[in-house]
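Structure first, then comments.
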Amino acid sequence: MRIACSNRLYRHVLPALMAWPVWKLPRRVAIFVVAVIGADLAAIGLAASFFSVRSHEVVLFGLLLACNAATVELTRRVGEPAGVIKDVYAVWELPVAILLPPLYAFVAPVIRMALVQWRIRRAPLYRRVFSSAALGLAFGAASLAFHALSRVAIGPAPTPGLRASLWIVSVAVCGTLQWAVNATLVLTAVKGTDPAARVRDMAFSREPLFNDITELCVAVLVAFGAAISSLVVLFAFPFVILLQRSLRHSQLVNDSRIDSKTGLLNAGTWEREAAAEVARASRTRNPVAVALIDIDKCEAVNDTYGHLVGDQVLREISRSFQDYLREYDLAGRFGGEEFVLLLPHTAEHDAYRIAERMRAHIAGLPIGIGTAARAE
């Protein structure tokens, strides 16, 4: 019997695992992804060994899980965007980590990711598994930290008011810990897959940070209310949906301004913002310069290596603009391999100098095409 099971393992299970696209990632990234998944599975097993079922905890977990599932279902109407996604699921999952034993914190992201995969968009399975593992470790860390803090700092508080204040601060600290652990794990994988990715823009720019802080504040309030009465969760649900809609609205507005292939302003947005900047320069009598950039031999790259490589070339060139442009300069893509820059407060001789530096930099820009060429 054991021999038959072993043969089946080698013939079916192992080949299926080795066929996962994760092994096509750079070796360090693949090892990191597998290590995170393994650590999460080990943490679930360890938490399960100390777990005991309590009816009131199961009821609260079911209520928070139902709100999480309803949020997933409402997300289905607008779809899930690509890239690093800002959502409101932590509003329900942080209270799970705070109010319930750690096993619930490890399991909740797994259930949510399975629903997202089933109901919203089918992504590569290893990405879903890695995301749920990263979230599980993050919420598990928050759960363990809070239970430790509650024994050390909250319990000895002399008055109920001070105890409540310490409780809220502890939840906020643990929520921040959850965000930091998850961001570290996810952005490490993103950076390993794409060394040119700008981590600061994805997680630490003003808009993403504002969204994360808002989500954390709402999660703390839901956790505090749910600690008093489970009914608070039901009354919080409409407000969370409003928050979700506001986040998605800002994301849709931003996506409508950006060229999807390069991350620069699209032609319509650049024209509108450039017209406003030129009018401002005319009123204040400040110099303004416009530079047109037309990349040579892009058609030859597409014909030789394929359009995926051509798109990668455009992305690398677009990223190089950020090394030379100031925060208030406007860079846009007009179509094909044509780009346009607006440089406020820039005299003619300075514009020539900037344009020549950019031309020389782009001409010597090394672009690796192996991965994209194989994909094509």
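Going by the structure tokens order, chains are called A, B, ..., each with residues numbered from 1, while ligands are numbered from 1 in the order shown.
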For Phe235 in chain A, list every protein, DNA or RNA residue within 12 Å, evaluated using only C-alpha atoms, and leave out those in the same chain fewer than 6 positions away; present the list as a CSV table (one decimal) with N, CA, C and O atoms, in the first residue's frame.
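So part-v7.csv came out as:
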```
chain,number,residue,atom,x,y,z
A,63,LEU,N,-19.7,35.8,11.7
A,63,LEU,CA,-20.3,37.1,11.4
A,63,LEU,C,-19.2,38.0,10.6
A,63,LEU,O,-19.6,38.6,9.6
A,67,CYS,N,-19.3,39.2,6.6
A,67,CYS,CA,-19.1,40.6,6.1
A,67,CYS,C,-18.0,40.6,5.1
A,67,CYS,O,-18.0,41.4,4.1
A,221,LEU,N,-11.9,50.8,15.0
A,221,LEU,CA,-13.2,51.1,15.5
A,221,LEU,C,-14.1,49.9,15.5
A,221,LEU,O,-14.9,49.6,16.4
A,222,VAL,N,-14.0,49.1,14.4
A,222,VAL,CA,-14.9,47.9,14.3
A,222,VAL,C,-14.5,46.9,15.3
A,222,VAL,O,-15.3,46.2,16.0
A,225,GLY,N,-15.8,48.1,18.7
A,225,GLY,CA,-17.2,47.9,18.8
A,225,GLY,C,-17.6,46.5,18.9
A,225,GLY,O,-18.5,46.1,19.7
A,226,ALA,N,-16.9,45.6,18.1
A,226,ALA,CA,-17.2,44.2,18.2
A,226,ALA,C,-16.9,43.6,19.5
A,226,ALA,O,-17.5,42.6,20.0
A,229,SER,N,-20.1,44.4,21.5
A,229,SER,CA,-21.3,43.7,21.0
A,229,SER,C,-21.0,43.3,19.6
A,229,SER,O,-20.6,44.1,18.8
A,241,ILE,N,-18.7,49.7,3.3
A,241,ILE,CA,-18.9,49.7,1.9
A,241,ILE,C,-18.7,51.0,1.2
A,241,ILE,O,-18.2,51.2,0.1
```
So that I can check the secondary structure, give me every residue of range 91-305 of chain A assigned strand (DSSP E or B) by backbone DSSP, as a count of residues only. 9
If we count only C-alpha atoms, what is near Trp118 in chain A at a cut-off of 12 Å, once residues fewer than 4 positions away on the same chain are taken out, given as a ChimeraX atom specification? /A:69,72-73,76,111-114,122-123,125,128
Output of the above residues as a PDB file, in the first residue's frame, restricted to C-alpha atoms:
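File again-v4.pdb, as written:
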```pdb
ATOM      1  CA  ALA A  69     -17.548  37.555   1.883  1.00  0.00           C
ATOM      2  CA  VAL A  72     -15.813  40.299  -1.923  1.00  0.00           C
ATOM      3  CA  GLU A  73     -19.170  39.892  -3.656  1.00  0.00           C
ATOM      4  CA  ARG A  76     -17.149  41.418  -8.090  1.00  0.00           C
ATOM      5  CA  ILE A 111     -10.988  31.756   2.870  1.00  0.00           C
ATOM      6  CA  ARG A 112     -11.099  35.286   1.465  1.00  0.00           C
ATOM      7  CA  MET A 113      -8.485  34.602  -1.229  1.00  0.00           C
ATOM      8  CA  ALA A 114     -10.362  31.462  -2.263  1.00  0.00           C
ATOM      9  CA  ARG A 122      -8.765  33.813 -11.695  1.00  0.00           C
ATOM     10  CA  ALA A 123      -5.142  34.739 -11.068  1.00  0.00           C
ATOM     11  CA  LEU A 125      -2.773  30.003  -8.189  1.00  0.00           C
ATOM     12  CA  ARG A 128      -3.184  33.667  -4.505  1.00  0.00           C
TER      13      ARG A 128
END
```
Give the answer as one residue: which of A:Trp92, A:Phe139, A:Phe61, A:Trp167 has the shortest atom-to-atom distance to Ala43 in chain A, using only C-alpha atoms? A:Phe139
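Here CA of Leu162 in chain A stands at a distance of 20.3 Å from CA of Ala219 in chain A.
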One number please: CA of Cys217 in chain A to CA of Val91 in chain A, in Å, one decimal. 8.6 Å
Which parts of range 29-258 of chain A does DSSP call helix (DSSP H, G or I) when run on the backbone here, written out as a PyMOL selection string? chain A and resi 29-49+55-75+90-99+102-119+125-154+160-193+199-204+206-228+231-257
Determine, counting only C-alpha atoms, which protein, DNA and RNA residues have an atom within 12 Å of an atom of Leu64 in chain A; residues of the same chain fewer than 3 positions away are not included. Present the result as a PyMOL selection string. chain A and resi 57-61+67-71+89-97+99-100+104-105+108-109+111-112+219+222-223+226+230-234+236-237
Export C-alpha atoms of the chosen residues as a compact mmCIF listing (two decimals), in the first residue's frame?
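Result file selection-v9.txt:
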```txt
# COMPACT_ATOMS: atom_id res chain seq x y z
CA GLU A 57 -15.95 32.78 19.08
CA VAL A 58 -17.31 30.71 16.21
CA VAL A 59 -20.37 33.00 16.00
CA LEU A 60 -18.22 36.17 15.90
CA PHE A 61 -15.87 34.63 13.34
CA CYS A 67 -19.12 40.61 6.07
CA ASN A 68 -15.81 39.82 4.40
CA ALA A 69 -17.55 37.55 1.88
CA ALA A 70 -20.18 40.22 1.19
CA THR A 71 -17.39 42.75 0.55
CA TYR A 89 -10.72 43.55 3.85
CA ALA A 90 -8.49 44.35 6.85
CA VAL A 91 -11.50 46.10 8.39
CA TRP A 92 -12.97 42.62 9.01
CA GLU A 93 -9.78 40.58 9.33
CA LEU A 94 -8.00 42.73 11.92
CA PRO A 95 -10.89 42.27 14.42
CA VAL A 96 -10.57 38.51 13.80
CA ALA A 97 -6.89 38.71 14.76
CA LEU A 99 -10.69 39.28 19.30
CA LEU A 100 -10.21 35.58 18.47
CA TYR A 104 -8.71 32.30 13.06
CA ALA A 105 -6.27 35.03 11.98
CA ALA A 108 -9.43 34.08 7.44
CA PRO A 109 -7.17 35.28 4.55
CA ILE A 111 -10.99 31.76 2.87
CA ARG A 112 -11.10 35.29 1.46
CA ALA A 219 -10.62 48.47 11.52
CA VAL A 222 -14.87 47.89 14.27
CA ALA A 223 -12.67 45.81 16.57
CA ALA A 226 -17.25 44.17 18.19
CA SER A 230 -21.24 41.57 17.89
CA LEU A 231 -24.17 43.62 16.54
CA VAL A 232 -21.77 46.52 15.96
CA VAL A 233 -20.37 44.57 13.02
CA LEU A 234 -23.73 44.71 11.22
CA ALA A 236 -20.49 49.02 10.58
CA PHE A 237 -21.05 47.18 7.30
```
For Leu330 in chain A, work out the shell of residues within 9 Å, counting only C-alpha atoms and skipping chain neighbours fewer than 4 positions away, then give it as a ChimeraX atom specification. /A:264-265,270,273-274,325-326,340-344
Written selection (N, CA, C and O atoms) as a short mmCIF file (atom, residue, chain, number, x, y, z; two decimals), in the first residue's frame:
```cif
data_model
loop_
_atom_site.label_atom_id
_atom_site.label_comp_id
_atom_site.auth_asym_id
_atom_site.auth_seq_id
_atom_site.Cartn_x
_atom_site.Cartn_y
_atom_site.Cartn_z
N LEU A 264 2.81 56.52 -17.46
CA LEU A 264 2.84 57.98 -17.65
C LEU A 264 1.41 58.48 -17.89
O LEU A 264 0.48 57.70 -18.06
N LEU A 265 1.26 59.80 -17.92
CA LEU A 265 -0.04 60.37 -18.25
C LEU A 265 -0.42 59.99 -19.67
O LEU A 265 0.44 59.95 -20.57
N TRP A 270 -2.51 64.53 -20.32
CA TRP A 270 -1.35 65.41 -20.48
C TRP A 270 -1.77 66.73 -21.13
O TRP A 270 -1.32 67.81 -20.71
N GLU A 273 -3.64 68.92 -18.47
CA GLU A 273 -2.78 69.45 -17.42
C GLU A 273 -1.70 70.38 -17.99
O GLU A 273 -1.32 71.36 -17.34
N ALA A 274 -1.22 70.08 -19.20
CA ALA A 274 -0.24 70.97 -19.83
C ALA A 274 -0.86 72.32 -20.18
O ALA A 274 -0.22 73.37 -20.02
N LEU A 325 13.34 64.02 -14.18
CA LEU A 325 12.27 64.99 -14.10
C LEU A 325 11.98 65.37 -12.64
O LEU A 325 12.19 64.58 -11.73
N ARG A 326 11.51 66.59 -12.45
CA ARG A 326 11.10 67.06 -11.13
C ARG A 326 9.65 66.66 -10.87
O ARG A 326 8.95 66.23 -11.78
N VAL A 340 6.01 62.99 -24.66
CA VAL A 340 6.06 64.45 -24.60
C VAL A 340 6.26 64.88 -23.16
O VAL A 340 5.70 64.28 -22.23
N LEU A 341 7.11 65.88 -22.97
CA LEU A 341 7.42 66.40 -21.64
C LEU A 341 7.09 67.88 -21.57
O LEU A 341 7.33 68.61 -22.54
N LEU A 342 6.54 68.30 -20.45
CA LEU A 342 6.35 69.72 -20.17
C LEU A 342 7.21 70.07 -18.97
O LEU A 342 7.09 69.44 -17.91
N LEU A 343 8.09 71.07 -19.14
CA LEU A 343 9.05 71.44 -18.10
C LEU A 343 8.80 72.87 -17.65
O LEU A 343 9.29 73.82 -18.26
N PRO A 344 8.01 73.08 -16.60
CA PRO A 344 7.77 74.44 -16.10
C PRO A 344 9.06 75.04 -15.51
O PRO A 344 9.97 74.32 -15.08
#
```
